[in-house]
>>> print(open('work_34.txt').read())   # compact mmCIF, C-alpha atoms and all ligand atoms
# COMPACT_ATOMS: atom_id res chain seq x y z
CA MET A 212 36.76 -20.76 -57.30
CA ASP A 213 33.67 -22.92 -57.87
CA ASP A 214 34.35 -24.76 -54.60
CA LEU A 215 34.56 -21.45 -52.70
CA LYS A 216 31.32 -20.28 -54.26
CA ALA A 217 29.44 -23.50 -53.48
CA LYS A 218 30.78 -23.50 -49.90
CA TYR A 219 29.78 -19.94 -49.00
CA LEU A 220 26.44 -19.79 -50.83
CA GLY A 221 25.51 -23.07 -49.08
CA GLN A 222 26.48 -21.72 -45.67
CA ILE A 223 24.56 -18.48 -46.29
CA ALA A 224 21.42 -20.36 -47.32
CA ASN A 225 21.55 -22.40 -44.10
CA ALA A 226 22.33 -19.51 -41.69
CA ALA A 227 19.80 -19.60 -38.85
CA ASP A 228 20.09 -16.01 -37.68
CA GLU A 229 21.90 -12.71 -38.19
CA ALA A 230 24.79 -13.67 -35.88
CA ALA A 231 25.55 -16.79 -37.94
CA LEU A 232 25.33 -14.73 -41.12
CA GLU A 233 27.80 -12.18 -39.78
CA ALA A 234 30.26 -14.96 -38.89
CA ILE A 235 30.07 -16.23 -42.49
CA ARG A 236 30.63 -12.72 -43.85
CA VAL A 237 33.75 -12.28 -41.72
CA ALA A 238 35.10 -15.70 -42.75
CA ALA A 239 34.51 -15.05 -46.48
CA VAL A 240 34.87 -11.36 -47.30
CA GLY A 241 36.03 -9.80 -44.02
CA LYS A 242 39.51 -8.21 -43.84
CA LYS A 243 41.15 -11.60 -43.25
CA GLY A 244 38.41 -13.58 -44.96
CA GLU A 245 39.23 -16.42 -47.33
CA ILE A 246 38.15 -14.53 -50.50
CA SER A 247 39.87 -11.30 -49.38
CA LEU A 248 43.16 -13.20 -48.84
CA LYS A 249 42.87 -14.72 -52.31
CA MET A 250 42.46 -11.23 -53.77
CA ARG A 251 45.66 -10.17 -52.05
CA GLU A 252 47.50 -12.98 -53.85
CA LEU A 253 46.62 -11.38 -57.20
CA GLY A 254 49.79 -9.24 -56.87
CA LYS A 255 52.01 -12.33 -57.03
CA MET A 256 50.40 -13.63 -60.23
CA THR A 257 51.58 -13.14 -63.80
CA PRO A 258 49.59 -10.48 -65.72
CA GLU A 259 47.89 -13.24 -67.76
CA GLU A 260 46.79 -15.17 -64.66
CA ARG A 261 45.65 -11.93 -63.03
CA GLN A 262 43.46 -11.05 -66.00
CA VAL A 263 41.42 -14.23 -65.49
CA ALA A 264 41.49 -14.52 -61.70
CA GLY A 265 40.85 -10.79 -60.93
CA PRO A 266 37.37 -10.40 -62.46
CA ALA A 267 36.39 -13.91 -61.30
CA LEU A 268 37.31 -13.13 -57.66
CA ASN A 269 35.52 -9.76 -57.85
CA ALA A 270 32.41 -11.45 -59.22
CA LEU A 271 32.60 -14.08 -56.46
CA LYS A 272 32.92 -11.37 -53.80
CA ASP A 273 29.91 -9.47 -55.22
CA GLU A 274 27.87 -12.65 -55.39
CA VAL A 275 28.65 -13.56 -51.76
CA ASN A 276 27.84 -10.02 -50.57
CA ALA A 277 24.56 -10.00 -52.49
CA ALA A 278 23.59 -13.42 -51.08
CA ILE A 279 24.31 -12.20 -47.55
CA ALA A 280 22.20 -9.05 -48.06
CA ALA A 281 19.32 -11.07 -49.47
CA LYS A 282 19.49 -13.61 -46.65
CA LYS A 283 19.62 -10.80 -44.08
CA ALA A 284 16.44 -9.26 -45.44
CA GLY A 285 14.80 -12.68 -45.42
CA LEU A 286 15.76 -13.30 -41.78
CA ALA A 287 14.37 -9.88 -40.74
CA ASP A 288 11.09 -10.61 -42.52
CA ALA A 289 10.85 -13.98 -40.80
CA ALA A 290 11.54 -12.38 -37.39
CA LEU A 291 8.83 -9.80 -38.00
CA ASP A 292 6.38 -12.50 -39.10
CA GLU A 293 7.15 -14.44 -35.93
CA ARG A 294 6.52 -11.37 -33.77
CA LEU A 295 3.27 -10.60 -35.55
CA ARG A 296 2.19 -14.19 -35.03
CA THR A 297 2.99 -14.37 -31.30
CA GLU A 298 2.06 -10.81 -30.30
CA TRP A 299 -1.27 -10.94 -31.99
CA LEU A 300 -4.11 -9.74 -29.82
CA ASP A 301 -7.82 -9.92 -30.44
CA VAL A 302 -8.92 -6.50 -29.22
CA THR A 303 -12.55 -7.39 -29.84
CA LEU A 304 -12.55 -9.96 -26.96
CA PRO A 305 -14.63 -8.92 -23.92
CA SER A 306 -12.60 -7.59 -20.95
CA ARG A 307 -12.06 -9.69 -17.82
CA GLY A 308 -14.93 -9.40 -15.34
CA ARG A 309 -12.80 -8.35 -12.41
CA PRO A 310 -9.19 -7.25 -12.16
CA ALA A 311 -6.87 -9.68 -10.39
CA GLY A 312 -6.06 -7.42 -7.42
CA THR A 313 -8.51 -6.35 -4.73
CA ILE A 314 -8.67 -3.50 -2.23
CA HIS A 315 -7.84 -4.71 1.28
CA PRO A 316 -10.78 -4.41 3.72
CA ILE A 317 -8.69 -2.12 5.97
CA SER A 318 -8.10 0.29 3.08
CA GLN A 319 -11.76 0.13 2.13
CA VAL A 320 -12.94 0.77 5.70
CA THR A 321 -10.44 3.65 6.12
CA GLN A 322 -11.96 5.23 3.01
CA GLU A 323 -15.49 4.65 4.30
CA VAL A 324 -14.63 6.26 7.65
CA SER A 325 -12.97 9.22 5.91
CA ALA A 326 -15.99 9.72 3.63
CA ILE A 327 -18.41 9.76 6.59
CA PHE A 328 -16.34 12.17 8.69
CA ALA A 329 -15.67 14.39 5.67
CA ASP A 330 -19.43 14.73 5.39
CA LEU A 331 -19.51 15.81 9.06
CA GLY A 332 -16.90 18.51 8.39
CA PHE A 333 -13.73 16.71 9.50
CA SER A 334 -10.53 16.81 7.44
CA VAL A 335 -7.87 14.10 7.43
CA ALA A 336 -4.50 14.59 9.20
CA GLU A 337 -1.49 12.30 9.34
CA GLY A 338 1.57 11.86 11.55
CA PRO A 339 4.71 9.68 11.62
CA GLN A 340 4.60 6.04 12.71
CA VAL A 341 8.01 6.41 14.39
CA GLU A 342 7.18 9.02 17.00
CA ASP A 343 9.16 10.71 19.75
CA ASP A 344 8.00 9.92 23.26
CA TRP A 345 7.01 13.54 23.89
CA HIS A 346 4.24 13.40 21.24
CA ASN A 347 3.26 9.81 22.04
CA PHE A 348 3.22 10.22 25.85
CA ASP A 349 4.25 13.44 27.62
CA ALA A 350 2.17 15.86 25.56
CA LEU A 351 -0.81 13.57 26.14
CA ASN A 352 -0.42 13.92 29.90
CA ILE A 353 1.35 10.55 30.28
CA PRO A 354 4.61 11.43 32.12
CA SER A 355 7.38 8.80 32.39
CA HIS A 356 6.30 7.47 35.79
CA HIS A 357 2.65 7.10 34.67
CA PRO A 358 1.32 3.49 34.75
CA ALA A 359 -0.31 3.97 31.31
CA ARG A 360 3.18 3.90 29.75
CA GLY A 361 3.70 0.38 31.03
CA GLU A 362 0.25 -0.74 29.88
CA MET A 363 0.86 0.29 26.27
CA ASP A 364 3.29 -2.58 25.45
CA THR A 365 5.48 -0.08 23.66
CA PHE A 366 8.05 -0.94 20.98
CA TYR A 367 11.12 1.25 21.54
CA MET A 368 13.47 2.11 18.66
CA HIS A 369 17.04 0.90 19.06
CA ARG A 370 19.56 3.39 20.46
CA GLU A 371 23.33 2.91 20.46
CA ALA A 372 24.81 2.58 23.97
CA GLY A 373 25.64 6.05 25.26
CA ASP A 374 23.09 7.77 23.03
CA ASN A 375 21.12 9.70 25.63
CA ARG A 376 18.58 11.41 23.40
CA PRO A 377 14.96 10.86 24.47
CA PRO A 378 13.61 7.59 23.05
CA HIS A 379 11.62 7.17 19.84
CA VAL A 380 8.81 4.65 19.79
CA LEU A 381 6.54 3.01 17.25
CA ARG A 382 3.46 5.07 18.07
CA THR A 383 1.15 3.11 20.37
CA HIS A 384 -1.95 5.04 19.29
CA THR A 385 -2.99 7.78 16.85
CA SER A 386 -3.41 10.31 19.69
CA PRO A 387 0.01 11.99 19.04
CA VAL A 388 -1.54 13.27 15.80
CA GLN A 389 -3.94 15.30 18.00
CA ILE A 390 -0.90 17.21 19.32
CA ARG A 391 0.66 17.64 15.88
CA SER A 392 -2.62 18.90 14.40
CA MET A 393 -3.22 21.38 17.23
CA LEU A 394 0.33 22.72 16.98
CA GLU A 395 0.02 23.03 13.20
CA HIS A 396 -3.49 24.45 12.83
CA GLY A 397 -4.56 25.84 16.23
CA ALA A 398 -8.22 26.15 17.17
CA PRO A 399 -10.97 25.76 16.08
CA ILE A 400 -10.15 22.39 14.54
CA ARG A 401 -11.96 19.29 13.35
CA VAL A 402 -9.79 16.39 12.15
CA ILE A 403 -9.63 12.64 11.93
CA CYS A 404 -6.28 10.86 11.84
CA PRO A 405 -6.33 7.29 10.49
CA GLY A 406 -3.18 5.17 10.54
CA ARG A 407 -1.07 2.29 11.79
CA VAL A 408 -0.23 1.84 15.45
CA TYR A 409 1.93 -0.74 17.25
CA ARG A 410 1.81 -2.71 20.50
CA ALA A 411 3.62 -5.88 21.58
CA ASP A 412 0.55 -8.11 21.79
CA TYR A 413 -0.66 -11.11 19.76
CA ASP A 414 -3.82 -13.26 19.98
CA GLN A 415 -7.14 -13.67 18.14
CA THR A 416 -8.08 -10.04 18.76
CA HIS A 417 -4.63 -8.40 18.95
CA THR A 418 -1.83 -8.00 16.39
CA PRO A 419 1.43 -6.11 16.99
CA MET A 420 0.45 -3.70 14.20
CA PHE A 421 -3.13 -2.54 13.89
CA HIS A 422 -5.10 0.52 12.79
CA GLN A 423 -6.82 3.33 14.61
CA VAL A 424 -8.60 6.47 13.62
CA GLU A 425 -8.35 9.43 15.94
CA GLY A 426 -11.01 12.12 16.05
CA LEU A 427 -10.51 15.64 17.42
CA ALA A 428 -13.00 18.52 17.51
CA ILE A 429 -12.15 21.76 19.33
CA ASP A 430 -14.21 24.91 19.46
CA LYS A 431 -15.62 27.32 22.07
CA ASP A 432 -18.69 25.33 23.10
CA ILE A 433 -18.12 21.65 22.26
CA SER A 434 -19.47 19.18 24.83
CA MET A 435 -19.92 15.43 25.46
CA ALA A 436 -23.35 15.79 23.81
CA ASN A 437 -21.63 16.68 20.50
CA LEU A 438 -19.35 13.66 20.92
CA LYS A 439 -22.31 11.34 21.44
CA TRP A 440 -24.20 12.72 18.43
CA VAL A 441 -21.17 12.51 16.13
CA LEU A 442 -20.45 8.91 17.17
CA GLU A 443 -24.08 7.85 16.71
CA GLU A 444 -24.23 9.47 13.28
CA PHE A 445 -20.97 7.79 12.37
CA VAL A 446 -22.01 4.33 13.54
CA LYS A 447 -25.37 4.53 11.71
CA SER A 448 -23.72 5.62 8.46
CA PHE A 449 -20.90 3.12 8.76
CA PHE A 450 -23.10 0.09 9.42
CA GLU A 451 -25.72 1.42 6.97
CA VAL A 452 -28.58 0.91 9.43
CA ASP A 453 -31.19 3.19 11.05
CA GLY A 454 -30.39 2.12 14.56
CA VAL A 455 -27.31 0.74 16.25
CA GLU A 456 -27.05 0.67 20.02
CA LEU A 457 -24.06 2.30 21.68
CA ARG A 458 -23.08 2.02 25.32
CA PHE A 459 -20.99 4.74 26.97
CA ARG A 460 -19.02 3.40 29.91
CA ALA A 461 -17.19 5.72 32.30
CA SER A 462 -13.49 5.10 31.91
CA HIS A 463 -10.13 6.72 32.35
CA PHE A 464 -7.55 8.06 29.90
CA PRO A 465 -4.82 10.49 30.97
CA PHE A 466 -5.56 12.71 27.95
CA THR A 467 -9.33 13.12 28.40
CA GLU A 468 -11.51 14.23 31.31
CA PRO A 469 -14.16 12.96 31.62
CA SER A 470 -13.51 9.77 29.63
CA ALA A 471 -15.80 7.13 28.19
CA GLU A 472 -15.33 3.84 26.41
CA VAL A 473 -17.95 3.09 23.80
CA ASP A 474 -19.29 -0.39 23.09
CA ILE A 475 -21.55 -1.53 20.30
CA ARG A 476 -24.34 -4.11 20.74
CA CYS A 477 -23.68 -7.33 18.87
CA SER A 478 -24.06 -11.08 18.92
CA TRP A 479 -21.72 -13.98 18.25
CA GLU A 480 -23.43 -16.98 16.70
CA ASN A 481 -21.38 -19.91 15.38
CA GLY A 482 -18.40 -17.60 15.21
CA GLN A 483 -20.39 -15.11 13.10
CA LEU A 484 -20.56 -11.59 14.40
CA LYS A 485 -23.79 -9.56 14.04
CA VAL A 486 -24.16 -5.89 14.80
CA GLY A 487 -27.22 -4.21 16.35
CA GLU A 488 -28.72 -7.25 18.04
CA GLY A 489 -27.85 -9.79 20.73
CA ASP A 490 -26.57 -9.69 24.27
CA ASP A 491 -22.90 -9.00 23.68
CA TRP A 492 -21.02 -5.73 23.57
CA LEU A 493 -17.87 -5.07 21.62
CA GLU A 494 -15.65 -2.20 22.60
CA ILE A 495 -14.88 -0.06 19.55
CA LEU A 496 -13.43 3.15 20.92
CA GLY A 497 -12.15 5.31 23.75
CA SER A 498 -13.18 8.93 24.02
CA GLY A 499 -13.69 11.96 26.21
CA MET A 500 -13.23 15.69 26.59
CA VAL A 501 -9.67 16.78 25.77
CA HIS A 502 -7.70 17.32 28.99
CA PRO A 503 -6.66 20.98 29.60
CA LYS A 504 -3.01 19.90 29.84
CA VAL A 505 -3.26 18.33 26.39
CA LEU A 506 -4.73 21.53 24.94
CA GLU A 507 -1.82 23.43 26.49
CA ALA A 508 0.73 21.01 25.01
CA GLY A 509 -0.97 21.66 21.67
CA GLY A 510 -0.56 25.42 22.12
CA ILE A 511 -4.27 26.02 22.67
CA ASP A 512 -5.61 28.06 25.62
CA PRO A 513 -7.91 25.82 27.74
CA ALA A 514 -9.60 28.91 29.23
CA GLU A 515 -10.95 29.74 25.79
CA TRP A 516 -11.32 26.41 23.96
CA GLN A 517 -12.60 22.91 24.68
CA GLY A 518 -13.34 19.82 22.67
CA PHE A 519 -13.71 16.08 22.39
CA ALA A 520 -11.41 13.35 21.14
CA PHE A 521 -11.85 9.69 20.37
CA GLY A 522 -9.71 6.80 19.18
CA MET A 523 -11.38 3.95 17.34
CA GLY A 524 -10.07 0.57 16.18
CA ILE A 525 -10.39 0.40 12.38
CA ASP A 526 -9.69 -3.34 12.29
CA ARG A 527 -12.38 -3.93 14.92
CA ILE A 528 -15.11 -2.11 13.02
CA ALA A 529 -13.99 -3.77 9.75
CA MET A 530 -14.38 -7.20 11.43
CA LEU A 531 -17.83 -6.21 12.68
CA LYS A 532 -19.09 -4.82 9.39
CA TYR A 533 -17.77 -7.52 7.10
CA GLY A 534 -18.11 -10.54 9.43
CA ILE A 535 -14.41 -11.29 9.66
CA PRO A 536 -13.85 -13.54 12.70
CA ASP A 537 -10.07 -13.46 13.21
CA LEU A 538 -8.11 -10.20 13.30
CA ARG A 539 -4.84 -11.94 12.44
CA ALA A 540 -6.14 -12.95 8.99
CA PHE A 541 -6.03 -9.28 7.96
CA PHE A 542 -2.25 -9.41 7.92
CA ASP A 543 -1.55 -12.98 6.71
CA SER A 544 -1.49 -11.99 3.01
CA ASP A 545 -3.38 -15.17 2.11
CA LEU A 546 -4.48 -14.67 -1.52
CA ARG A 547 -7.66 -16.72 -1.08
CA TRP A 548 -8.63 -14.57 1.92
CA LEU A 549 -7.82 -11.36 0.02
CA ARG A 550 -9.92 -12.44 -2.97
CA HIS A 551 -12.81 -13.36 -0.68
CA TYR A 552 -12.83 -10.29 1.56
CA GLY A 553 -11.23 -7.76 -0.83
CA PHE A 554 -13.13 -5.10 -2.75
CA ALA A 555 -13.20 -4.35 -6.48
CA ALA A 556 -10.82 -1.49 -7.23
CA LEU A 557 -13.47 0.75 -8.74
CA ASP A 558 -15.96 0.41 -5.87
CA GLN A 559 -14.74 3.41 -3.95
CA PRO A 560 -16.90 4.33 -0.95
CA ASP A 561 -19.10 7.31 -1.61
CA LEU A 562 -21.91 8.56 0.64
CA ALA A 563 -24.28 9.36 -2.22
CA ALA A 564 -23.79 6.10 -4.13
CA GLY A 565 -23.56 3.87 -1.04
CA LEU A 566 -20.59 2.95 1.12
CA SER A 567 -20.19 -0.76 0.53
CA ARG A 568 -21.81 -1.52 -2.82
N1 LIG B 601 -5.58 6.60 22.51
C1 LIG B 601 -6.55 5.76 23.16
C2 LIG B 601 -6.16 4.30 22.94
O1 LIG B 601 -5.36 4.02 22.08
C3 LIG B 601 -7.92 5.99 22.61
C4 LIG B 601 -8.46 7.36 22.90
C5 LIG B 601 -8.27 8.38 21.99
C6 LIG B 601 -9.17 7.62 24.07
C7 LIG B 601 -8.77 9.65 22.25
C8 LIG B 601 -9.67 8.86 24.30
C9 LIG B 601 -9.47 9.89 23.43
O2 LIG B 601 -6.64 3.41 23.61
>>> encode(input="work_34.txt", output="structure tokens", more="lines below")
Ligand code: PHE
Amino acid sequence: MDDLKAKYLGQIANAADEAALEAIRVAAVGKKGEISLKMRELGKMTPEERQVAGPALNALKDEVNAAIAAKKAGLADAALDERLRTEWLDVTLPSRGRPAGTIHPISQVTQEVSAIFADLGFSVAEGPQVEDDWHNFDALNIPSHHPARGEMDTFYMHREAGDNRPPHVLRTHTSPVQIRSMLEHGAPIRVICPGRVYRADYDQTHTPMFHQVEGLAIDKDISMANLKWVLEEFVKSFFEVDGVELRFRASHFPFTEPSAEVDIRCSWENGQLKVGEGDDWLEILGSGMVHPKVLEAGGIDPAEWQGFAFGMGIDRIAMLKYGIPDLRAFFDSDLRWLRHYGFAALDQPDLAAGLSR
């Protein structure tokens, strides 16, 4: 009996955790435990033997159970102490200066553009990036034989052989959102539509995915003069300067008539881009008066309504404003680049407080 007692109390004292303790309990006083089996042998003893062994075994069992309970409480206390020690936090320490993540320049510039156009009375509209070719082309006066389709370097969605439904494409521009907005809201309308667009092209100034913002304003008496004023106001606000020089160049788009491409005066010195001075021009957008056929596709009567539209490269104007020389870096996900060019999360663009604090 003394050997049993010494054995189990010793094991209990040395148990490292609750699992070890439970194993000892099962081995000693569990259903088939050593002490329990001994108690079962009491029946085979003589009454005299039983009178001595019975109480002694009961006392041993109680002692082992009590030791286990005490050890269990001790282990729980130790575990709690360990947690308190490792999870301790000094809440009086100053906070970190800047959170680890930053806002990507494209997101920041999209917000800046939205804030400026919101101030000019434009709301924001969105459309799908996987678009059907009616919205991306036909409704914009680009029928299937039109050369502009070939020039767009279009990504076509996969179709199983024998599937003769009209193709879906990754939208090649944000112009299909013009059609969707007209069909949804009718005229008059004033919207911008920022988003991703896709073309199979890759070099220092082209990536297969890039960003545009579409503008559309339709009313009874809107003219090219309104387009010019809106774009000048936008460019001044965006670059946060009193004067930026724009150049309107006659151009051609199937969905506008007349059409103009707009360039911004800039200079390139040692790979650094500067806006508003110099002898270079950087094309930032295409624009024009919405073609009557496009109004019709949008369910709007061209005899009654007219308006302007433009499509601007968000990545382009982000490069210009923040002096980013290579377009491809936007999409490399290089942490050092993101920390350098990214914006603090709380510095949201706001016309009253300043766009790019
Ligand atoms: N969708 C044209 C492009 O991607 C831009 C544009 C939009 C031109 C609206 C005129 C009017 O190049």
>>> closest_residue(input="work_34.txt", among="A:Asp213, A:Asp292, A:Glu488, A:Glu229", to="Ala270 in chain A", atoms="only C-alpha atoms")
A:Asp213
>>> closest_residue(input="work_34.txt", among="A:Ser325, A:Gln340, A:Gln423, A:Ser498", to="Val473 in chain A", atoms="only C-alpha atoms")
A:Ser498
>>> residues_near_ligand(input="work_34.txt", ligand="ligand LIG 601 (chain B)", cutoff="7 Å", atoms="all atoms listed in the file", output="list in words")
Thr383, His384, Thr385, Ser386, Glu425, Phe464, Phe466, Thr467, Ser470, Leu496, Gly497, Ser498, Gly499, Ala520, Phe521, Gly522 and Met523 of chain A
>>> write_last_selection(input="work_34.txt", atoms="C-alpha atoms", output="PDB file, in the frame of the given file")
ATOM      1  CA  THR A 383       1.150   3.110  20.370  1.00  0.00           C
ATOM      2  CA  HIS A 384      -1.950   5.040  19.290  1.00  0.00           C
ATOM      3  CA  THR A 385      -2.990   7.780  16.850  1.00  0.00           C
ATOM      4  CA  SER A 386      -3.410  10.310  19.690  1.00  0.00           C
ATOM      5  CA  GLU A 425      -8.350   9.430  15.940  1.00  0.00           C
ATOM      6  CA  PHE A 464      -7.550   8.060  29.900  1.00  0.00           C
ATOM      7  CA  PHE A 466      -5.560  12.710  27.950  1.00  0.00           C
ATOM      8  CA  THR A 467      -9.330  13.120  28.400  1.00  0.00           C
ATOM      9  CA  SER A 470     -13.510   9.770  29.630  1.00  0.00           C
ATOM     10  CA  LEU A 496     -13.430   3.150  20.920  1.00  0.00           C
ATOM     11  CA  GLY A 497     -12.150   5.310  23.750  1.00  0.00           C
ATOM     12  CA  SER A 498     -13.180   8.930  24.020  1.00  0.00           C
ATOM     13  CA  GLY A 499     -13.690  11.960  26.210  1.00  0.00           C
ATOM     14  CA  ALA A 520     -11.410  13.350  21.140  1.00  0.00           C
ATOM     15  CA  PHE A 521     -11.850   9.690  20.370  1.00  0.00           C
ATOM     16  CA  GLY A 522      -9.710   6.800  19.180  1.00  0.00           C
ATOM     17  CA  MET A 523     -11.380   3.950  17.340  1.00  0.00           C
TER      18      MET A 523
END
>>> atom_distance(input="work_34.txt", atom1="CA of Asp228 in chain A", atom2="CA of Ala284 in chain A")
10.9 Å
>>> residues_around(input="work_34.txt", residues="Gln322 in chain A", least_positions_apart="4", cutoff="8 Å", atoms="all atoms listed in the file", output="NGL selection string")
:A and (318 or 326 or 559-560)
>>> closest_residue(input="work_34.txt", among="A:Ala227, A:Val501, A:Met363, A:Ala461", to="Gly426 in chain A", atoms="all atoms listed in the file")
A:Val501
